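Listing of run33.txt; format and content: compact mmCIF, C-alpha atoms and all ligand atoms.
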# COMPACT_ATOMS: atom_id res chain seq x y z
CA MET Q 1 -121.31 -44.03 -88.25
CA ALA Q 2 -121.39 -47.25 -86.25
CA ARG Q 3 -124.26 -47.77 -83.86
CA PRO Q 4 -123.63 -49.32 -80.42
CA ASP Q 5 -124.97 -52.69 -81.61
CA GLU Q 6 -122.52 -52.59 -84.54
CA LEU Q 7 -119.61 -52.01 -82.17
CA GLN Q 8 -120.15 -55.46 -80.67
CA PRO Q 9 -121.60 -57.40 -83.59
CA HIS Q 10 -123.45 -60.11 -81.69
CA GLY Q 11 -120.37 -61.83 -80.36
CA ALA Q 12 -118.58 -61.98 -83.72
CA PRO Q 13 -115.02 -63.06 -82.92
CA CYS Q 14 -111.84 -61.10 -83.62
CA GLY Q 15 -111.23 -63.02 -86.85
CA ALA Q 16 -107.56 -62.04 -87.23
CA ARG Q 17 -105.35 -64.60 -88.95
CA THR Q 18 -103.41 -66.69 -86.45
CA ARG Q 19 -99.87 -68.09 -86.79
CA SER Q 20 -101.33 -71.57 -87.25
CA GLY Q 21 -103.27 -70.31 -90.27
CA GLY Q 22 -106.68 -70.24 -88.62
CA THR Q 23 -108.80 -67.28 -87.52
CA CYS Q 24 -108.80 -65.88 -83.98
CA GLY Q 25 -111.88 -66.78 -81.97
CA HIS Q 26 -111.34 -64.32 -79.12
CA ALA Q 27 -114.01 -61.72 -78.40
CA PRO Q 28 -113.09 -58.28 -79.75
CA MET Q 29 -112.41 -55.50 -77.25
CA VAL Q 30 -115.32 -53.14 -76.62
CA GLY Q 31 -115.76 -50.70 -79.49
CA GLN Q 32 -113.41 -52.71 -81.70
CA ARG Q 33 -113.31 -55.57 -84.14
CA ARG Q 34 -110.03 -57.07 -82.87
CA CYS Q 35 -109.16 -58.78 -79.58
CA ARG Q 36 -106.44 -57.71 -77.11
CA PHE Q 37 -103.91 -60.05 -78.77
CA HIS Q 38 -104.44 -58.67 -82.28
CA GLY Q 39 -103.98 -54.94 -81.89
CA GLY Q 40 -107.03 -54.20 -79.75
CA ALA Q 41 -104.91 -53.33 -76.69
CA SER Q 42 -102.65 -50.78 -78.41
CA PRO Q 43 -102.97 -47.16 -77.26
CA GLN Q 44 -104.11 -46.09 -80.75
CA ALA Q 45 -106.76 -48.82 -80.87
CA ARG Q 46 -107.99 -47.92 -77.36
CA ARG Q 47 -108.19 -44.23 -78.30
CA ALA Q 48 -110.01 -45.00 -81.53
CA ALA Q 49 -112.43 -47.28 -79.65
CA LYS Q 50 -113.10 -44.56 -77.08
CA HIS Q 51 -113.93 -42.11 -79.87
CA ARG Q 52 -116.15 -44.65 -81.63
CA ILE Q 53 -118.05 -45.45 -78.43
CA GLU Q 54 -118.50 -41.78 -77.59
CA ARG Q 55 -119.72 -40.97 -81.09
CA ALA Q 56 -122.09 -43.93 -81.09
CA ARG Q 57 -123.51 -42.75 -77.74
CA VAL Q 58 -123.96 -39.17 -79.05
CA SER Q 59 -125.51 -40.55 -82.23
CA ALA Q 60 -128.01 -42.61 -80.22
CA ALA Q 61 -128.85 -39.65 -77.95
CA LEU Q 62 -129.39 -37.42 -80.99
CA GLY Q 63 -131.58 -40.11 -82.53
CA ARG Q 64 -133.85 -40.01 -79.47
CA LEU Q 65 -134.34 -36.28 -80.18
CA GLY Q 66 -135.18 -37.03 -83.81
CA VAL Q 67 -131.81 -35.78 -85.10
CA ALA Q 68 -130.48 -38.25 -87.68
CA VAL Q 69 -126.74 -38.70 -88.13
CA GLU Q 70 -126.58 -39.49 -91.84
CA GLY Q 71 -123.96 -41.67 -93.49
CA THR Q 72 -120.42 -40.85 -92.45
CA ALA Q 73 -121.32 -37.57 -90.67
CA ASP Q 74 -119.49 -36.97 -87.38
CA PRO Q 75 -122.10 -37.08 -84.58
CA LEU Q 76 -120.14 -34.42 -82.65
CA GLU Q 77 -120.43 -32.04 -85.59
CA VAL Q 78 -124.10 -32.90 -86.01
CA LEU Q 79 -124.54 -32.15 -82.29
CA ALA Q 80 -122.67 -28.83 -82.61
CA HIS Q 81 -124.87 -27.87 -85.54
CA ALA Q 82 -128.09 -28.92 -83.77
CA LEU Q 83 -127.00 -26.90 -80.70
CA SER Q 84 -126.31 -23.86 -82.84
CA VAL Q 85 -129.71 -24.16 -84.58
CA ALA Q 86 -131.45 -24.63 -81.21
CA ASN Q 87 -129.66 -21.55 -79.85
CA GLY Q 88 -130.79 -19.55 -82.88
CA ASP Q 89 -134.36 -20.77 -82.37
CA LEU Q 90 -134.15 -19.82 -78.69
CA HIS Q 91 -133.04 -16.28 -79.51
CA THR Q 92 -135.83 -15.94 -82.07
CA MET Q 93 -138.39 -17.30 -79.60
CA GLN Q 94 -137.10 -15.01 -76.83
CA GLY Q 95 -137.88 -12.03 -79.06
CA MET Q 96 -141.37 -13.41 -79.69
CA VAL Q 97 -142.29 -14.26 -76.10
CA ALA Q 98 -141.04 -10.86 -74.96
CA ASN Q 99 -144.21 -9.46 -76.54
CA VAL Q 100 -146.50 -11.92 -74.76
CA GLU Q 101 -148.11 -11.01 -71.47
CA PRO Q 102 -146.55 -13.14 -68.70
CA THR Q 103 -150.06 -14.15 -67.54
CA SER Q 104 -150.82 -16.01 -70.77
CA ALA Q 105 -148.78 -19.15 -70.14
CA SER Q 106 -151.13 -21.12 -72.44
CA ASP Q 107 -150.30 -18.83 -75.36
CA PRO Q 108 -149.12 -20.94 -78.35
CA THR Q 109 -145.99 -18.81 -78.59
CA VAL Q 110 -145.12 -19.54 -74.97
CA ARG Q 111 -145.81 -23.25 -75.51
CA LEU Q 112 -143.55 -23.28 -78.58
CA TYR Q 113 -140.92 -21.43 -76.58
CA ALA Q 114 -141.10 -24.06 -73.84
CA GLU Q 115 -140.64 -26.81 -76.45
CA THR Q 116 -137.70 -24.95 -78.01
CA LEU Q 117 -136.19 -24.50 -74.58
CA ASP Q 118 -136.66 -28.17 -73.77
CA ARG Q 119 -134.97 -29.23 -77.00
CA ALA Q 120 -132.06 -26.82 -76.51
CA SER Q 121 -131.52 -28.00 -72.93
CA ARG Q 122 -131.61 -31.67 -74.00
CA LEU Q 123 -129.00 -30.98 -76.67
CA ALA Q 124 -126.92 -29.06 -74.13
CA LYS Q 125 -127.21 -32.09 -71.81
CA ILE Q 126 -125.83 -34.39 -74.54
CA ALA Q 127 -122.97 -31.93 -75.08
CA ALA Q 128 -122.30 -31.71 -71.34
CA ASP Q 129 -122.34 -35.53 -71.02
CA THR Q 130 -119.82 -35.85 -73.80
CA ASN Q 131 -116.12 -35.37 -73.28
CA LEU Q 132 -115.91 -32.97 -76.16
CA ALA Q 133 -112.97 -31.32 -77.82
CA GLU Q 134 -112.28 -27.71 -76.88
CA ARG Q 135 -114.17 -26.26 -79.87
CA MET Q 136 -117.29 -28.03 -78.60
CA ALA Q 137 -116.77 -26.82 -75.03
CA THR Q 138 -116.88 -23.26 -76.37
CA VAL Q 139 -120.21 -24.05 -78.00
CA ALA Q 140 -121.44 -25.60 -74.75
CA GLU Q 141 -120.43 -22.50 -72.80
CA ALA Q 142 -122.20 -20.13 -75.22
CA ASP Q 143 -125.18 -22.42 -74.95
CA ALA Q 144 -125.07 -22.32 -71.14
CA VAL Q 145 -125.25 -18.52 -71.16
CA ALA Q 146 -128.22 -18.56 -73.57
CA LEU Q 147 -129.93 -21.30 -71.58
CA HIS Q 148 -129.44 -19.48 -68.31
CA ALA Q 149 -131.16 -16.37 -69.65
CA ALA Q 150 -133.86 -18.43 -71.37
CA LEU Q 151 -134.67 -20.53 -68.32
CA GLU Q 152 -134.88 -17.45 -66.14
CA ARG Q 153 -137.45 -15.99 -68.50
CA ALA Q 154 -139.34 -19.28 -68.71
CA MET Q 155 -139.58 -19.46 -64.93
CA THR Q 156 -141.03 -15.99 -64.84
CA PHE Q 157 -143.77 -17.27 -67.12
CA VAL Q 158 -144.64 -20.23 -64.92
CA GLY Q 159 -144.58 -17.91 -61.89
CA LEU Q 160 -141.68 -19.37 -59.93
CA ALA Q 161 -140.66 -17.07 -57.09
CA LEU Q 162 -137.19 -15.56 -57.25
CA ASP Q 163 -136.24 -17.33 -54.00
CA ASP Q 164 -137.01 -20.70 -55.64
CA ARG Q 165 -135.33 -19.75 -58.86
CA GLU Q 166 -131.92 -18.72 -57.63
CA PRO Q 167 -130.65 -22.08 -56.33
CA LEU Q 168 -131.88 -23.76 -59.52
CA MET Q 169 -130.21 -21.15 -61.73
CA HIS Q 170 -126.97 -21.49 -59.78
CA ALA Q 171 -127.03 -25.30 -59.97
CA LEU Q 172 -127.78 -25.15 -63.69
CA ALA Q 173 -124.97 -22.69 -64.35
CA VAL Q 174 -122.52 -24.89 -62.42
CA GLU Q 175 -123.69 -28.05 -64.22
CA LEU Q 176 -123.52 -26.53 -67.68
CA ARG Q 177 -120.10 -25.03 -67.09
CA ARG Q 178 -118.70 -28.28 -65.68
CA PRO Q 179 -117.23 -29.69 -68.96
CA VAL Q 180 -115.65 -26.30 -69.74
CA LEU Q 181 -114.09 -26.02 -66.28
CA GLN Q 182 -112.72 -29.58 -66.53
CA LEU Q 183 -111.11 -28.77 -69.86
CA GLN Q 184 -109.61 -25.56 -68.49
CA ALA Q 185 -108.26 -27.43 -65.46
CA GLY Q 186 -106.80 -30.07 -67.79
CA ALA Q 187 -105.14 -27.44 -69.96
CA ALA Q 188 -103.62 -25.69 -66.92
CA ALA Q 189 -102.23 -28.93 -65.46
ZN ZN Q 201 -107.69 -61.88 -81.98
When written as structure tokens, how does the structure in this file appear?
Amino acid sequence: MARPDELQPHGAPCGARTRSGGTCGHAPMVGQRRCRFHGGASPQARRAAKHRIERARVSAALGRLGVAVEGTADPLEVLAHALSVANGDLHTMQGMVANVEPTSASDPTVRLYAETLDRASRLAKIAADTNLAERMATVAEADAVALHAALERAMTFVGLALDDREPLMHALAVELRRPVLQLQAGAAA
């Protein structure tokens, strides 16, 4: 999978063969190898470039979380898998922290839970930032429900009052549902 720096290879020109027999020296369009005069402006090329740029961005964001996108793997599928694993971890951790007294916030289990929660929410953020296909929106929605429950529990542990919690929970729910709602609105239009 191309990285962002490979999408614009240090000003390498388009390079298409010209009618005069030379090679085109125009800058390629963003996310592409060809310029606007050599296929870069076509709807297919623009769509492909958009997908490449989005995948490169997801790949970079996953990389910052230590998730490698190997070889020709689709970063969106890697993201979906990482989200699913993080959700599984969250459910497991929820079962574990349920047996911990809420007063022991320094308990290693609670700390691990907080780290798991942080990772899951970062992955959910990448998913929410990405204009994903519908299958991914479903994953994001399932994730939002799990995150909502998980964050509520986490806030109980750090002793946040219910009055403080509710606006945050509401804002989070709205934010996490945003990509799903946009897709639904798009489908209805
Ligand atoms: Zn060109």
Next on the checklist: Residues within 7 Å of (-119.2, -47.5, -78.5), file coordinates, counting all atoms listed in the file: what are they? Give the list as number ranges by chain.
Outcome noted: Q: 4, 7, 31, 49-50, 52-54, 56-57
Using only C-alpha atoms, find each residue in region 6-66 of chain Q having at least one atom no more than 10 Å away from region 78-82 of chain Q; report its shortest atom-to-atom pair and that distance in Å (one decimal), rows by chain then rising number, as a tab-separated table.
residue	atom	partner	partner_atom	distance
Q:Val58	CA	Q:Leu79	CA	7.8
Q:Ser59	CA	Q:Leu79	CA	8.5
Q:Ala61	CA	Q:Leu79	CA	9.7
Q:Leu62	CA	Q:Leu79	CA	7.3
Item to check | Contacts to ligand ZN 201 (chain Q) at 10 Å cut-off (all atoms listed in the file) as number ranges by chain | outcome: Q: 13-18, 23-29, 33-40
Item to check | Distance in Å - CA of Leu83 (chain Q) versus CA of Ser121 (chain Q) | outcome: 9.1 Å
Checklist outcome for this item: Between CA of Asp89 (chain Q) and CA of Glu115 (chain Q) lies a distance of 10.5 Å
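As for CA of Glu77 (chain Q) and CA of Val30 (chain Q), they are spaced 23.5 Å apart.
Taking all atoms listed in the file into account, Asp74 (chain Q) lies nearest to Q:Arg55 out of the set Q:Arg122, Q:Arg153, Q:Arg55, Q:Arg46.
Omitting Met96 (chain Q) and its sequence neighbours fewer than 6 positions away, and counting all atoms listed in the file, the residues within 12 Å are Asp89, Leu90, Asp107, Pro108, Thr109, Val110, Arg111, Leu112 and Tyr113 of chain Q.
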Take region 77-93 of chain Q, bring it up to N, CA and C atoms, and give me the output as a compact mmCIF listing (two decimals), keeping the file's coordinate frame.
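Now in out_7.txt:
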# COMPACT_ATOMS: atom_id res chain seq x y z
N GLU Q 77 -120.15 -33.21 -84.75
CA GLU Q 77 -120.43 -32.04 -85.59
C GLU Q 77 -121.93 -31.85 -85.79
N VAL Q 78 -122.64 -32.97 -85.91
CA VAL Q 78 -124.10 -32.90 -86.01
C VAL Q 78 -124.66 -32.28 -84.73
N LEU Q 79 -124.12 -32.70 -83.58
CA LEU Q 79 -124.54 -32.15 -82.29
C LEU Q 79 -124.25 -30.66 -82.22
N ALA Q 80 -123.04 -30.25 -82.64
CA ALA Q 80 -122.67 -28.83 -82.61
C ALA Q 80 -123.62 -28.02 -83.48
N HIS Q 81 -123.96 -28.57 -84.64
CA HIS Q 81 -124.87 -27.87 -85.54
C HIS Q 81 -126.28 -27.78 -84.93
N ALA Q 82 -126.75 -28.90 -84.38
CA ALA Q 82 -128.09 -28.92 -83.77
C ALA Q 82 -128.17 -27.93 -82.61
N LEU Q 83 -127.07 -27.85 -81.82
CA LEU Q 83 -127.00 -26.90 -80.70
C LEU Q 83 -127.08 -25.46 -81.21
N SER Q 84 -126.34 -25.20 -82.27
CA SER Q 84 -126.31 -23.86 -82.84
C SER Q 84 -127.69 -23.47 -83.39
N VAL Q 85 -128.35 -24.42 -84.06
CA VAL Q 85 -129.71 -24.16 -84.58
C VAL Q 85 -130.67 -23.93 -83.41
N ALA Q 86 -130.57 -24.76 -82.38
CA ALA Q 86 -131.45 -24.63 -81.21
C ALA Q 86 -131.24 -23.29 -80.51
N ASN Q 87 -129.96 -22.86 -80.45
CA ASN Q 87 -129.66 -21.55 -79.85
C ASN Q 87 -130.29 -20.42 -80.66
N GLY Q 88 -130.18 -20.53 -81.99
CA GLY Q 88 -130.79 -19.55 -82.88
C GLY Q 88 -132.30 -19.49 -82.69
N ASP Q 89 -132.91 -20.68 -82.61
CA ASP Q 89 -134.36 -20.77 -82.37
C ASP Q 89 -134.72 -20.12 -81.04
N LEU Q 90 -133.89 -20.38 -80.02
CA LEU Q 90 -134.15 -19.82 -78.69
C LEU Q 90 -134.14 -18.30 -78.73
N HIS Q 91 -133.14 -17.74 -79.43
CA HIS Q 91 -133.04 -16.28 -79.51
C HIS Q 91 -134.25 -15.71 -80.24
N THR Q 92 -134.66 -16.39 -81.32
CA THR Q 92 -135.83 -15.94 -82.07
C THR Q 92 -137.07 -15.99 -81.17
N MET Q 93 -137.21 -17.11 -80.45
CA MET Q 93 -138.39 -17.30 -79.60
C MET Q 93 -138.39 -16.30 -78.44
